[in-house]
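Have a look at the structure below before the remarks.
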Protein chains: 2
Amino acid sequence: GTGADNDLYINQAVVFIEDAIQYRSINHRVDSKSLWLYRWYCSRTCQWILGLTITVILALAFIEEPSSLTVTSDVRYRLPAWNPPCGLTESIELLCFLVFLLDVSVKSYLIGWKEFWKNKWLMAYILTLIVSFTDWIVSLSFFCTESVRIRRILRPFFLLQNSSMMKKTLKSINSTLPEMASVVLLLAVHLSLFTMFAMLLFARTKDNQQDKEWVVYFRNLPDSLTSLLVLLTTANNPDVMIPAYSKNRAYSIFFILFTVLGNLFLMNLLTAIIYNQFRGYLLKSVQSSLFRRRLGIRAAFEVLSSLKETPANAQQLYVSTGALQQVLQRVEMDSRCKQTIMRSLKMCSCDQLSAAQFQKLFEELDKDAIMQHPPSPEYQSHFMQKLQFAFGHPYFGYLGNVVALANIISICVVLVLDADKQPSERDDFFLGAINCFFILYYLLEILLKILAMGLRRYLSYPSNRFDGLLTVILLILEIATFAVYGFPHPGWRPDFMGLLSLWDMVRLVNMLIVFRFLRIIPNMKFMALVVTTLLDLVKNLRAFAGILVVVFYAFAITGIMLFKGAVVPLGNTSIIFQGKMGFHGSLLALRLRVFTTYLFSVNLICRWAKIYFVAWWLISSVIWVNLFVALLLENFIHKWDRRCHRESLSDIEYQRTVELMFRDVLEEPTEEELMEKLHQHPHLQLCR
Amino acid sequence: GTGADNDLYINQAVVFIEDAIQYRSINHRVDSKSLWLYRWYCSRTCQWILGLTITVILALAFIEEPSSLTVTSDVRYRLPAWNPPCGLTESIELLCFLVFLLDVSVKSYLIGWKEFWKNKWLMAYILTLIVSFTDWIVSLSFFCTESVRIRRILRPFFLLQNSSMMKKTLKSINSTLPEMASVVLLLAVHLSLFTMFAMLLFARTKDNQQDKEWVVYFRNLPDSLTSLLVLLTTANNPDVMIPAYSKNRAYSIFFILFTVLGNLFLMNLLTAIIYNQFRGYLLKSVQSSLFRRRLGIRAAFEVLSSLKETPANAQQLYVSTGALQQVLQRVEMDSRCKQTIMRSLKMCSCDQLSAAQFQKLFEELDKDAIMQHPPSPEYQSHFMQKLQFAFGHPYFGYLGNVVALANIISICVVLVLDADKQPSERDDFFLGAINCFFILYYLLEILLKILAMGLRRYLSYPSNRFDGLLTVILLILEIATFAVYGFPHPGWRPDFMGLLSLWDMVRLVNMLIVFRFLRIIPNMKFMALVVTTLLDLVKNLRAFAGILVVVFYAFAITGIMLFKGAVVPLGNTSIIFQGKMGFHGSLLALRLRVFTTYLFSVNLICRWAKIYFVAWWLISSVIWVNLFVALLLENFIHKWDRRCHRESLSDIEYQRTVELMFRDVLEEPTEEELMEKLHQHPHLQLCR
């Protein structure tokens, strides 16, 4: 019936508008049941459960055997890690697999069979699930004693496929690969030609005194390659050339040529290529988000226009305001936005909306959320007004900064004086008394500021919240110290008492004071610019960080599997690089470029380790760092260019998003583009 | 009289056109005698003498005491360096000072007194000369035994002031300094806050086993600062955190946070800032060169137009072609250009030239010098034509590359097989025989190519010249080897004979063969692009390299003066960092970031050394490398963007200059700008 039809249309419009708000694709089924399923699937609870499942399955690595979630990494001291009984982690895994199975079936159903066969990500998802489940069965049938667990390497895929941002970023990286491969090829040619030169230059001679270079670094082809590769990372920079240099200065030309060509030219070429590729990346992604939003709104308009019976040959379609109000009431969106749209809808005298008017109503979604600080309280008393002026003035804030600086300097002085003292000789009286005074000042400052600004206005500034929170913590710590150890007096150095020793308490207080000093940041223009750029960058980098986590996880698991049981004493240090070092250690080892240290002792392990570490170096240190630099350049230059435009608006704080940063360069999609895309929709049949 | 006037005008026009050709400023005196002096001063001989003088005074450091121009840098083996007698270097210096004095007086005279007082560079030049000369007198009166020689630090100034490119670059760098200083300040804040944290975290404990971190890296404030500063250079990367990490894994968070914030964010921020500042640098400098050229031409037009007696109220000025021909005959310029201009002047039927026509004539100067390769010889015989087709075909070149690759692989195989053999066990027969065969093939290839292309066409390709030269050298070496050691036969390993042993000869041949393999570069598109970018970059970097040399020189001399006599045994190695290590060693030490190694043992020297090395690291490693990256990005992205445009023109080789690269984005200066600038000329009185 028409009533059911109308209800369907309204439902469709609701879902399309929600898609637009969330920048989602609208290419899903649009019949009543599917719409219900879609809304359920996109609901916060559902997505939260999915996210939790992914987190759980990734986190399993920390408790699975071999794991090393212990305090110390030193094998001599650490206790054996807890090994979960067979079946515990496996049953958690099974639960996760079931959730993923549900996820993939709902997703496949919602996009429809035709689209399913075109979607490689979904196919890969199903394949991964099948392989993982098979591996899981094998694992259980061996009672968890099998050594190779493929499903652990596959786990990060679940994280990857769940984020459209990461998939998009991966596509971008993928398109840069050919050029990156060219540079890596160039690097390989560079390396191999210089290796040959080196082997010819530093050949074995008859005089054993003279061929130190040969003995240590260029004994054979793998050694020479390794020496020069490590020179490319600059880890063995002066050492590798010292024997040759002390024989004849001219040998240094070889090393300088190698370093300049390799490090200065080729490595930076990689930066240039990646930057060139990613220059438009942010803009492009924001542009496609905008397109999705406009498309969702337009789709809602089209289905709503089908509600009214308009003549088929009408030149323009219209939507009744009543229908739109009905839709808006059902849409889940930011309440401030909803109210604004409702209000403008009421203000509009017409009861029919054209496509342009409809689109215009929803432009509220794109607008800045201007944060207005609540007003200061208005005092009647003349004295209070004077107080308010004095303590609300920026100079009072500057005074606070100066006091904080004085506090830091006093701590620094005490640290320098006490640096070489034995713990038993230390006297905490001076520092205790000084800190007590400073913390009282900080408390007073907060109270006066609240008096001047009112609590609500005070709390509306992030820097005040930071400041206040730290001061409260400091106060609590100080009170606790006095309660346990009494007031400061000369010779105030009791031993351990309660949870923390006095010394630890004082140290903690000092650290918090140093940390609190960061409140000066918003007061320095350049610093504020840098910090906001960095924060923006962190937002934009989420997708990259996700991909890094994926690569990371796969590498760590591979590393554990490869080096299982290989115990290698490393020089005089007691670090032991062992297969059992486990997930945690492996992560850290990778992260810290320990690579360069290990590579030297790597002959002791095996060739595989060398290849593994080189691959890791290329991916983490070279490619990822360059990606990061490219994004930083992009972000920073953009911000720098418009610094002057924004300076006048310093009092209004914008909730800045990437979308807003690019607003003035974005192109609005044309009506033709939108309609063409709508007609390509696999499930929506438009009347026209 | 009018004749003398006319002669003066013609002379002025000649000089202005020469200024335009060389992109020189036209703001010099324009009377007859000054013009003669100016042409003499700008003549090649004069400038060559000046350049030589600068080279000589800079090179003095290599032979002055303390110098170490010896083969080995190992103090145990090396012979005492030759110390020139007192008065030798000093008299050379005096000669140089006299040349500089002449230079500065001519320059000052030519720009005129008014301008002189505005020109800070000239004032500084005179001041430097006075200080240097005073120091020279002091030096002589002490019979060269005084220890501090200020004039040696001042020497690089002579290099700096002689290059307008370097002065311009320095100005650009100077304008970036405030922002760089902000980032360096941020780095300093970052460093000092983290140092305080570190000192609080890694304080001395009662258990001596537990405070390894404190003992080694954070004993007191200077130690802590140094440790973290070196961590910023990543030189002590995993080592510094190992003791703390093995105590408690959580300590690694501190180091990771420090490295990520400092290295990843702040250091790259510096790159971003410098790139942002230098983005338009090349374009701007090319634009101002263009302006100078147009201005010179315009000035020539204006003075030539005064020749004819035109009515004062004429709307347009004209220049007679006869006068221009007279001028052109006297101008020193590229003969090809001159001929082209003369030809177009004759083709022009009119005998009067307007300003636009005049300007247009000289546009020939901006044009690409299109290098046409000479034609191949045309053979009558059908057989010869077939041969010509076969050996002129690119496939023949590819075959040559494949053969060169095969040669390299064979050398590589022999190297791998022989790697561990004692020199006495080696048999050079196999390699000798193989190389003999390959070199014969290379010779044949050259001859066949010359047959197909003709000698002149063959030599017109740079890759062929490279190939041919190396092959000829290889042939000579091979013939010399056979002449001394006979033809290869099993057991071909005679001992030392003649200048080089057979083994050295074979090594040299092999190296040349590896080097010759670089001929494949033009055949690989991406490689060719990279190499041309790098070559362009080298051209553009001359000014930066010059400034680096200046900084370098000053640092090396300061280093020698600071560390005179400080002998520091460094760990187990026998390198001795000593004041007497001299200029050469000091240069090298600086260049190779030995800094990071030295900084550890630097406590042994003194605080000054630390500050010296940190300053050097900041300037060379941080700022200069970032400048380099910025220029590379600029150059590469520019080139990359227009790669597609140029691909069709692959057969025609352009003599590419920076000017040409930017031609389509350059803006022509307007007539008003030119005339305004001309009216500001301090010495030229235009009639209008």
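Residues in the structure tokens are numbered from 1 in each chain, the chains being A, B, ... in the order shown, and ligands are numbered from 1 in the order shown.
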Do you know which residues are at most 6 Å from Ala452 (chain A) counting only C-alpha atoms, after dropping those on the same chain fewer than 5 positions away, and could you put them as a short mmCIF file (atom, residue, chain, number, x, y, z; two decimals) with all heavy atoms, in the first residue's frame?
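Wrote out07.cif, looks like this:
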```
data_model
loop_
_atom_site.label_atom_id
_atom_site.label_comp_id
_atom_site.auth_asym_id
_atom_site.auth_seq_id
_atom_site.Cartn_x
_atom_site.Cartn_y
_atom_site.Cartn_z
N GLN A 388 38.27 41.30 40.21
CA GLN A 388 37.99 40.55 38.99
C GLN A 388 38.88 41.04 37.85
O GLN A 388 39.44 40.24 37.09
CB GLN A 388 36.52 40.73 38.61
CG GLN A 388 36.09 39.85 37.46
CD GLN A 388 34.62 39.95 37.19
OE1 GLN A 388 33.99 40.97 37.49
NE2 GLN A 388 34.05 38.91 36.63
N PHE A 391 42.62 39.84 38.58
CA PHE A 391 42.94 38.42 38.46
C PHE A 391 42.41 37.81 37.17
O PHE A 391 42.74 36.68 36.84
CB PHE A 391 42.44 37.67 39.68
CG PHE A 391 43.06 38.15 40.96
CD1 PHE A 391 42.29 38.66 42.00
CD2 PHE A 391 44.44 38.15 41.09
CE1 PHE A 391 42.88 39.11 43.14
CE2 PHE A 391 45.04 38.62 42.24
CZ PHE A 391 44.26 39.10 43.27
N GLY A 392 41.59 38.55 36.44
CA GLY A 392 41.17 38.06 35.13
C GLY A 392 42.10 38.54 34.03
O GLY A 392 42.01 38.13 32.89
#
```
Find the spatial neighbours of region 22-37 of chain A, counting only C-alpha atoms, within a cut-off of 7 Å - ignore same-chain residues fewer than 4 positions away - and output them as a list in words.
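Contacts, in chain order: Leu8, Gln12, Phe16, Glu18, Tyr41, Leu110, Ile111, Gly112, Ser289, Arg292, Arg293, Gly296, His681, Pro682, His683 and Leu684 of chain A.
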Go ahead and save the picked residues with N, CA, C and O atoms, as a tab-separated table (two decimals), in the first residue's frame.
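Final output, saved to selection14.tsv:
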```
chain	number	residue	atom	x	y	z
A	8	LEU	N	8.47	3.29	4.05
A	8	LEU	CA	9.77	2.85	3.51
A	8	LEU	C	10.59	4.04	3.06
A	8	LEU	O	11.78	4.16	3.38
A	12	GLN	N	14.15	5.15	4.38
A	12	GLN	CA	15.31	5.30	3.49
A	12	GLN	C	15.96	6.67	3.68
A	12	GLN	O	17.18	6.78	3.80
A	16	PHE	N	19.75	7.46	4.73
A	16	PHE	CA	20.65	8.21	3.84
A	16	PHE	C	21.22	9.43	4.55
A	16	PHE	O	22.39	9.76	4.39
A	18	GLU	N	21.66	9.75	7.76
A	18	GLU	CA	22.67	9.26	8.72
A	18	GLU	C	23.96	8.90	8.01
A	18	GLU	O	25.05	9.15	8.51
A	41	TYR	N	23.27	-2.60	12.50
A	41	TYR	CA	24.69	-2.91	12.30
A	41	TYR	C	25.55	-1.65	12.52
A	41	TYR	O	26.65	-1.72	13.05
A	110	LEU	N	24.23	-7.00	3.22
A	110	LEU	CA	23.80	-5.62	3.05
A	110	LEU	C	24.27	-5.02	1.72
A	110	LEU	O	23.56	-4.20	1.13
A	111	ILE	N	25.45	-5.38	1.26
A	111	ILE	CA	25.87	-4.78	-0.02
A	111	ILE	C	25.30	-5.55	-1.20
A	111	ILE	O	25.34	-5.05	-2.32
A	112	GLY	N	24.76	-6.76	-0.96
A	112	GLY	CA	24.13	-7.50	-2.04
A	112	GLY	C	25.12	-8.37	-2.78
A	112	GLY	O	26.33	-8.11	-2.78
A	289	SER	N	35.07	12.65	0.95
A	289	SER	CA	34.12	12.65	2.07
A	289	SER	C	32.98	13.61	1.78
A	289	SER	O	31.81	13.29	2.01
A	292	ARG	N	30.52	12.13	-0.56
A	292	ARG	CA	29.64	11.16	0.10
A	292	ARG	C	28.53	11.87	0.86
A	292	ARG	O	27.39	11.43	0.85
A	293	ARG	N	28.88	12.97	1.52
A	293	ARG	CA	27.87	13.68	2.30
A	293	ARG	C	26.80	14.26	1.38
A	293	ARG	O	25.62	14.06	1.60
A	296	GLY	N	24.54	11.51	0.00
A	296	GLY	CA	23.56	11.00	0.97
A	296	GLY	C	22.38	11.94	1.08
A	296	GLY	O	21.22	11.51	1.04
A	681	HIS	N	23.38	3.44	-8.33
A	681	HIS	CA	23.13	2.74	-7.07
A	681	HIS	C	22.56	1.35	-7.36
A	681	HIS	O	21.61	1.22	-8.12
A	682	PRO	N	23.14	0.30	-6.79
A	682	PRO	CA	22.73	-1.06	-7.15
A	682	PRO	C	21.33	-1.43	-6.65
A	682	PRO	O	20.74	-2.37	-7.18
A	683	HIS	N	20.82	-0.78	-5.62
A	683	HIS	CA	19.56	-1.24	-5.03
A	683	HIS	C	18.45	-0.22	-5.10
A	683	HIS	O	17.30	-0.57	-4.88
A	684	LEU	N	18.79	1.04	-5.38
A	684	LEU	CA	17.77	2.09	-5.33
A	684	LEU	C	17.26	2.37	-6.74
A	684	LEU	O	18.05	2.73	-7.62
```
If we count only C-alpha atoms and set the cut-off at 9 Å, which residues sit around Tyr441 (chain B), ignoring sequence neighbours fewer than 4 positions away in its own chain? Please answer as a PyMOL selection string.
chain B and resi 400+403+436-437+445-446
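Counting only C-alpha atoms and comparing B:Lys107, B:Arg298, B:His393, B:Arg204, the residue that lies closest to chain A is B:Arg204.
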Out of region 25-147 of chain B, which residues get alpha helix (DSSP H) from DSSP, as a ChimeraX atom specification?
/B:32-42,44-63,88-111,113-118,120-141
Please write the residues from the selection above to a file, keeping C-alpha atoms, as a PDB file, in the first residue's frame.
```
ATOM      1  CA  SER B  32      84.303  56.612 -20.415  1.00  0.00           C
ATOM      2  CA  LYS B  33      87.198  55.844 -18.086  1.00  0.00           C
ATOM      3  CA  SER B  34      85.041  53.999 -15.580  1.00  0.00           C
ATOM      4  CA  LEU B  35      83.558  51.937 -18.377  1.00  0.00           C
ATOM      5  CA  TRP B  36      87.027  50.930 -19.510  1.00  0.00           C
ATOM      6  CA  LEU B  37      87.951  50.064 -15.932  1.00  0.00           C
ATOM      7  CA  TYR B  38      84.699  48.157 -15.502  1.00  0.00           C
ATOM      8  CA  ARG B  39      85.233  46.096 -18.640  1.00  0.00           C
ATOM      9  CA  TRP B  40      88.778  45.397 -17.545  1.00  0.00           C
ATOM     10  CA  TYR B  41      87.613  44.418 -14.039  1.00  0.00           C
ATOM     11  CA  CYS B  42      84.912  42.128 -15.430  1.00  0.00           C
ATOM     12  CA  ARG B  44      87.975  36.867 -17.665  1.00  0.00           C
ATOM     13  CA  THR B  45      91.647  37.370 -16.840  1.00  0.00           C
ATOM     14  CA  CYS B  46      90.892  39.707 -13.982  1.00  0.00           C
ATOM     15  CA  GLN B  47      88.193  37.519 -12.482  1.00  0.00           C
ATOM     16  CA  TRP B  48      90.396  34.467 -12.937  1.00  0.00           C
ATOM     17  CA  ILE B  49      93.220  36.146 -11.037  1.00  0.00           C
ATOM     18  CA  LEU B  50      90.835  37.082  -8.259  1.00  0.00           C
ATOM     19  CA  GLY B  51      89.525  33.503  -8.067  1.00  0.00           C
ATOM     20  CA  LEU B  52      93.039  32.139  -7.995  1.00  0.00           C
ATOM     21  CA  THR B  53      93.966  34.496  -5.167  1.00  0.00           C
ATOM     22  CA  ILE B  54      90.998  33.320  -3.119  1.00  0.00           C
ATOM     23  CA  THR B  55      91.885  29.689  -3.780  1.00  0.00           C
ATOM     24  CA  VAL B  56      95.498  30.296  -2.808  1.00  0.00           C
ATOM     25  CA  ILE B  57      94.684  32.043   0.462  1.00  0.00           C
ATOM     26  CA  LEU B  58      92.218  29.320   1.412  1.00  0.00           C
ATOM     27  CA  ALA B  59      94.619  26.559   0.422  1.00  0.00           C
ATOM     28  CA  LEU B  60      97.350  28.032   2.644  1.00  0.00           C
ATOM     29  CA  ALA B  61      95.756  26.201   5.585  1.00  0.00           C
ATOM     30  CA  PHE B  62      96.905  22.891   4.121  1.00  0.00           C
ATOM     31  CA  ILE B  63     100.592  23.751   4.324  1.00  0.00           C
ATOM     32  CA  LEU B  88     106.935  31.891   3.298  1.00  0.00           C
ATOM     33  CA  THR B  89     103.191  31.637   3.825  1.00  0.00           C
ATOM     34  CA  GLU B  90     103.195  35.164   5.198  1.00  0.00           C
ATOM     35  CA  SER B  91     104.601  36.638   2.008  1.00  0.00           C
ATOM     36  CA  ILE B  92     102.069  34.734  -0.079  1.00  0.00           C
ATOM     37  CA  GLU B  93      99.407  36.147   2.204  1.00  0.00           C
ATOM     38  CA  LEU B  94     100.706  39.671   1.671  1.00  0.00           C
ATOM     39  CA  LEU B  95     100.445  39.238  -2.089  1.00  0.00           C
ATOM     40  CA  CYS B  96      96.871  38.052  -1.696  1.00  0.00           C
ATOM     41  CA  PHE B  97      96.035  41.016   0.527  1.00  0.00           C
ATOM     42  CA  LEU B  98      97.385  43.372  -2.144  1.00  0.00           C
ATOM     43  CA  VAL B  99      95.152  41.785  -4.776  1.00  0.00           C
ATOM     44  CA  PHE B 100      92.160  42.082  -2.449  1.00  0.00           C
ATOM     45  CA  LEU B 101      93.021  45.695  -1.751  1.00  0.00           C
ATOM     46  CA  LEU B 102      93.036  46.408  -5.472  1.00  0.00           C
ATOM     47  CA  ASP B 103      89.755  44.525  -5.831  1.00  0.00           C
ATOM     48  CA  VAL B 104      88.015  46.452  -3.082  1.00  0.00           C
ATOM     49  CA  SER B 105      89.215  49.835  -4.316  1.00  0.00           C
ATOM     50  CA  VAL B 106      88.101  49.165  -7.905  1.00  0.00           C
ATOM     51  CA  LYS B 107      84.746  47.900  -6.702  1.00  0.00           C
ATOM     52  CA  SER B 108      84.205  50.879  -4.409  1.00  0.00           C
ATOM     53  CA  TYR B 109      85.193  53.326  -7.128  1.00  0.00           C
ATOM     54  CA  LEU B 110      82.929  51.714  -9.695  1.00  0.00           C
ATOM     55  CA  ILE B 111      79.770  51.772  -7.620  1.00  0.00           C
ATOM     56  CA  TRP B 113      80.744  56.896  -3.023  1.00  0.00           C
ATOM     57  CA  LYS B 114      77.056  57.308  -2.394  1.00  0.00           C
ATOM     58  CA  GLU B 115      76.370  53.650  -2.999  1.00  0.00           C
ATOM     59  CA  PHE B 116      79.501  52.645  -1.131  1.00  0.00           C
ATOM     60  CA  TRP B 117      78.115  53.808   2.182  1.00  0.00           C
ATOM     61  CA  LYS B 118      74.980  51.766   1.676  1.00  0.00           C
ATOM     62  CA  LYS B 120      77.505  46.625   3.950  1.00  0.00           C
ATOM     63  CA  TRP B 121      79.351  43.883   2.156  1.00  0.00           C
ATOM     64  CA  LEU B 122      82.012  46.290   0.886  1.00  0.00           C
ATOM     65  CA  MET B 123      82.445  47.830   4.334  1.00  0.00           C
ATOM     66  CA  ALA B 124      82.845  44.387   5.846  1.00  0.00           C
ATOM     67  CA  TYR B 125      85.350  43.572   3.100  1.00  0.00           C
ATOM     68  CA  ILE B 126      87.483  46.588   4.017  1.00  0.00           C
ATOM     69  CA  LEU B 127      87.181  45.837   7.730  1.00  0.00           C
ATOM     70  CA  THR B 128      88.237  42.230   7.165  1.00  0.00           C
ATOM     71  CA  LEU B 129      91.243  43.391   5.180  1.00  0.00           C
ATOM     72  CA  ILE B 130      92.286  45.812   7.924  1.00  0.00           C
ATOM     73  CA  VAL B 131      91.931  43.208  10.684  1.00  0.00           C
ATOM     74  CA  SER B 132      93.743  40.592   8.635  1.00  0.00           C
ATOM     75  CA  PHE B 133      96.603  42.939   7.832  1.00  0.00           C
ATOM     76  CA  THR B 134      96.970  43.974  11.484  1.00  0.00           C
ATOM     77  CA  ASP B 135      97.035  40.320  12.514  1.00  0.00           C
ATOM     78  CA  TRP B 136      99.621  39.696   9.798  1.00  0.00           C
ATOM     79  CA  ILE B 137     101.889  42.419  11.222  1.00  0.00           C
ATOM     80  CA  VAL B 138     101.492  40.993  14.740  1.00  0.00           C
ATOM     81  CA  SER B 139     102.313  37.552  13.397  1.00  0.00           C
ATOM     82  CA  LEU B 140     105.513  38.762  11.721  1.00  0.00           C
ATOM     83  CA  SER B 141     106.623  40.741  14.759  1.00  0.00           C
TER      84      SER B 141
END
```
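Between CA of Tyr553 (chain B) and CA of Thr145 (chain B) there is a distance of 21.9 Å.
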Give me the residues within 9 Å of region 176-178 of chain A as a VMD selection string, counting only C-alpha atoms and dropping any in the same chain fewer than 4 places off.
chain A and resid 171 to 172 182 to 183 273 to 274 277 to 278
Print the selection's residues with all heavy atoms to a file, as a PDB file, in the first residue's frame.
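So the final result, stored in out_8.pdb, reads:
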```pdb
ATOM      1  N   LYS A 171      45.544   1.929  -0.169  1.00  0.00           N
ATOM      2  CA  LYS A 171      45.453   2.069  -1.621  1.00  0.00           C
ATOM      3  C   LYS A 171      46.432   3.143  -2.110  1.00  0.00           C
ATOM      4  O   LYS A 171      47.121   2.957  -3.114  1.00  0.00           O
ATOM      5  CB  LYS A 171      44.030   2.470  -1.992  1.00  0.00           C
ATOM      6  CG  LYS A 171      43.517   1.832  -3.263  1.00  0.00           C
ATOM      7  CD  LYS A 171      42.045   2.113  -3.399  1.00  0.00           C
ATOM      8  CE  LYS A 171      41.620   2.264  -4.821  1.00  0.00           C
ATOM      9  NZ  LYS A 171      40.239   2.774  -4.918  1.00  0.00           N
ATOM     10  N   SER A 172      46.472   4.258  -1.367  1.00  0.00           N
ATOM     11  CA  SER A 172      47.399   5.331  -1.729  1.00  0.00           C
ATOM     12  C   SER A 172      48.841   4.847  -1.678  1.00  0.00           C
ATOM     13  O   SER A 172      49.627   5.094  -2.594  1.00  0.00           O
ATOM     14  CB  SER A 172      47.259   6.507  -0.766  1.00  0.00           C
ATOM     15  OG  SER A 172      46.182   7.294  -1.117  1.00  0.00           O
ATOM     16  N   SER A 182      61.319   1.731  -7.556  1.00  0.00           N
ATOM     17  CA  SER A 182      62.405   2.207  -8.407  1.00  0.00           C
ATOM     18  C   SER A 182      63.555   2.733  -7.562  1.00  0.00           C
ATOM     19  O   SER A 182      64.718   2.420  -7.816  1.00  0.00           O
ATOM     20  CB  SER A 182      61.918   3.329  -9.319  1.00  0.00           C
ATOM     21  OG  SER A 182      60.762   2.957  -9.987  1.00  0.00           O
ATOM     22  N   VAL A 183      63.214   3.535  -6.541  1.00  0.00           N
ATOM     23  CA  VAL A 183      64.285   4.083  -5.716  1.00  0.00           C
ATOM     24  C   VAL A 183      64.979   2.978  -4.937  1.00  0.00           C
ATOM     25  O   VAL A 183      66.206   2.972  -4.806  1.00  0.00           O
ATOM     26  CB  VAL A 183      63.741   5.164  -4.762  1.00  0.00           C
ATOM     27  CG1 VAL A 183      64.853   5.685  -3.885  1.00  0.00           C
ATOM     28  CG2 VAL A 183      63.143   6.288  -5.534  1.00  0.00           C
ATOM     29  N   ILE A 273      59.806  11.608  -3.379  1.00  0.00           N
ATOM     30  CA  ILE A 273      58.802  10.841  -4.125  1.00  0.00           C
ATOM     31  C   ILE A 273      57.549  10.664  -3.297  1.00  0.00           C
ATOM     32  O   ILE A 273      56.426  10.877  -3.767  1.00  0.00           O
ATOM     33  CB  ILE A 273      59.386   9.473  -4.516  1.00  0.00           C
ATOM     34  CG1 ILE A 273      60.317   9.647  -5.704  1.00  0.00           C
ATOM     35  CG2 ILE A 273      58.280   8.501  -4.841  1.00  0.00           C
ATOM     36  CD1 ILE A 273      60.987   8.377  -6.094  1.00  0.00           C
ATOM     37  N   ILE A 274      57.734  10.296  -2.042  1.00  0.00           N
ATOM     38  CA  ILE A 274      56.566  10.036  -1.205  1.00  0.00           C
ATOM     39  C   ILE A 274      55.817  11.339  -0.959  1.00  0.00           C
ATOM     40  O   ILE A 274      54.591  11.382  -1.018  1.00  0.00           O
ATOM     41  CB  ILE A 274      56.999   9.350   0.096  1.00  0.00           C
ATOM     42  CG1 ILE A 274      57.518   7.950  -0.236  1.00  0.00           C
ATOM     43  CG2 ILE A 274      55.839   9.251   1.067  1.00  0.00           C
ATOM     44  CD1 ILE A 274      58.030   7.191   0.934  1.00  0.00           C
ATOM     45  N   GLN A 277      53.810  12.216  -3.977  1.00  0.00           N
ATOM     46  CA  GLN A 277      52.630  11.377  -4.130  1.00  0.00           C
ATOM     47  C   GLN A 277      51.539  11.756  -3.135  1.00  0.00           C
ATOM     48  O   GLN A 277      50.370  11.734  -3.450  1.00  0.00           O
ATOM     49  CB  GLN A 277      53.045   9.918  -3.920  1.00  0.00           C
ATOM     50  CG  GLN A 277      52.056   8.919  -4.447  1.00  0.00           C
ATOM     51  CD  GLN A 277      52.058   8.891  -5.957  1.00  0.00           C
ATOM     52  OE1 GLN A 277      53.042   9.280  -6.587  1.00  0.00           O
ATOM     53  NE2 GLN A 277      50.960   8.473  -6.543  1.00  0.00           N
ATOM     54  N   PHE A 278      51.959  12.135  -1.933  1.00  0.00           N
ATOM     55  CA  PHE A 278      50.978  12.377  -0.885  1.00  0.00           C
ATOM     56  C   PHE A 278      50.597  13.841  -0.766  1.00  0.00           C
ATOM     57  O   PHE A 278      49.852  14.205   0.129  1.00  0.00           O
ATOM     58  CB  PHE A 278      51.502  11.856   0.456  1.00  0.00           C
ATOM     59  CG  PHE A 278      51.224  10.412   0.629  1.00  0.00           C
ATOM     60  CD1 PHE A 278      52.047   9.472   0.072  1.00  0.00           C
ATOM     61  CD2 PHE A 278      50.096   9.996   1.304  1.00  0.00           C
ATOM     62  CE1 PHE A 278      51.778   8.132   0.196  1.00  0.00           C
ATOM     63  CE2 PHE A 278      49.815   8.664   1.436  1.00  0.00           C
ATOM     64  CZ  PHE A 278      50.659   7.724   0.881  1.00  0.00           C
TER      65      PHE A 278
END
```
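The gap separating CA of Ala543 (chain A) from CA of Trp624 (chain A) is 12.2 Å, in Å to one decimal.
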Just checking: using only C-alpha atoms, which residue out of B:Pro85, B:Pro222, B:Pro488, B:Gly559 ends up closest to chain A?
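Ranked by minimum distance to chain A, first place goes to B:Pro222.
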For chain B, which residue among A:Lys539, A:Arg456, A:Lys168, A:Arg426 is the nearest when counting only C-alpha atoms?
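Counting only C-alpha atoms, the residue closest to chain B is A:Arg426.
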Quick one: distance from CA of Glu363 (chain A) to CA of Arg294 (chain A) in Å, one decimal?
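Calculated distance between CA of Glu363 (chain A) and CA of Arg294 (chain A) is 9.3 Å.
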Within 10 Å of Asn268 (chain B) using only C-alpha atoms, minus same-chain residues under 2 positions, as a list of chain:residue names:
A:Val625, A:Asn626, A:Phe628, A:Val629, A:Ala630, A:Leu632, A:Leu633, B:Gly262, B:Asn263, B:Leu264, B:Phe265, B:Leu266, B:Leu270, B:Thr271, B:Ala272, B:Ile273, B:Ile274, B:Val622, B:Asn626
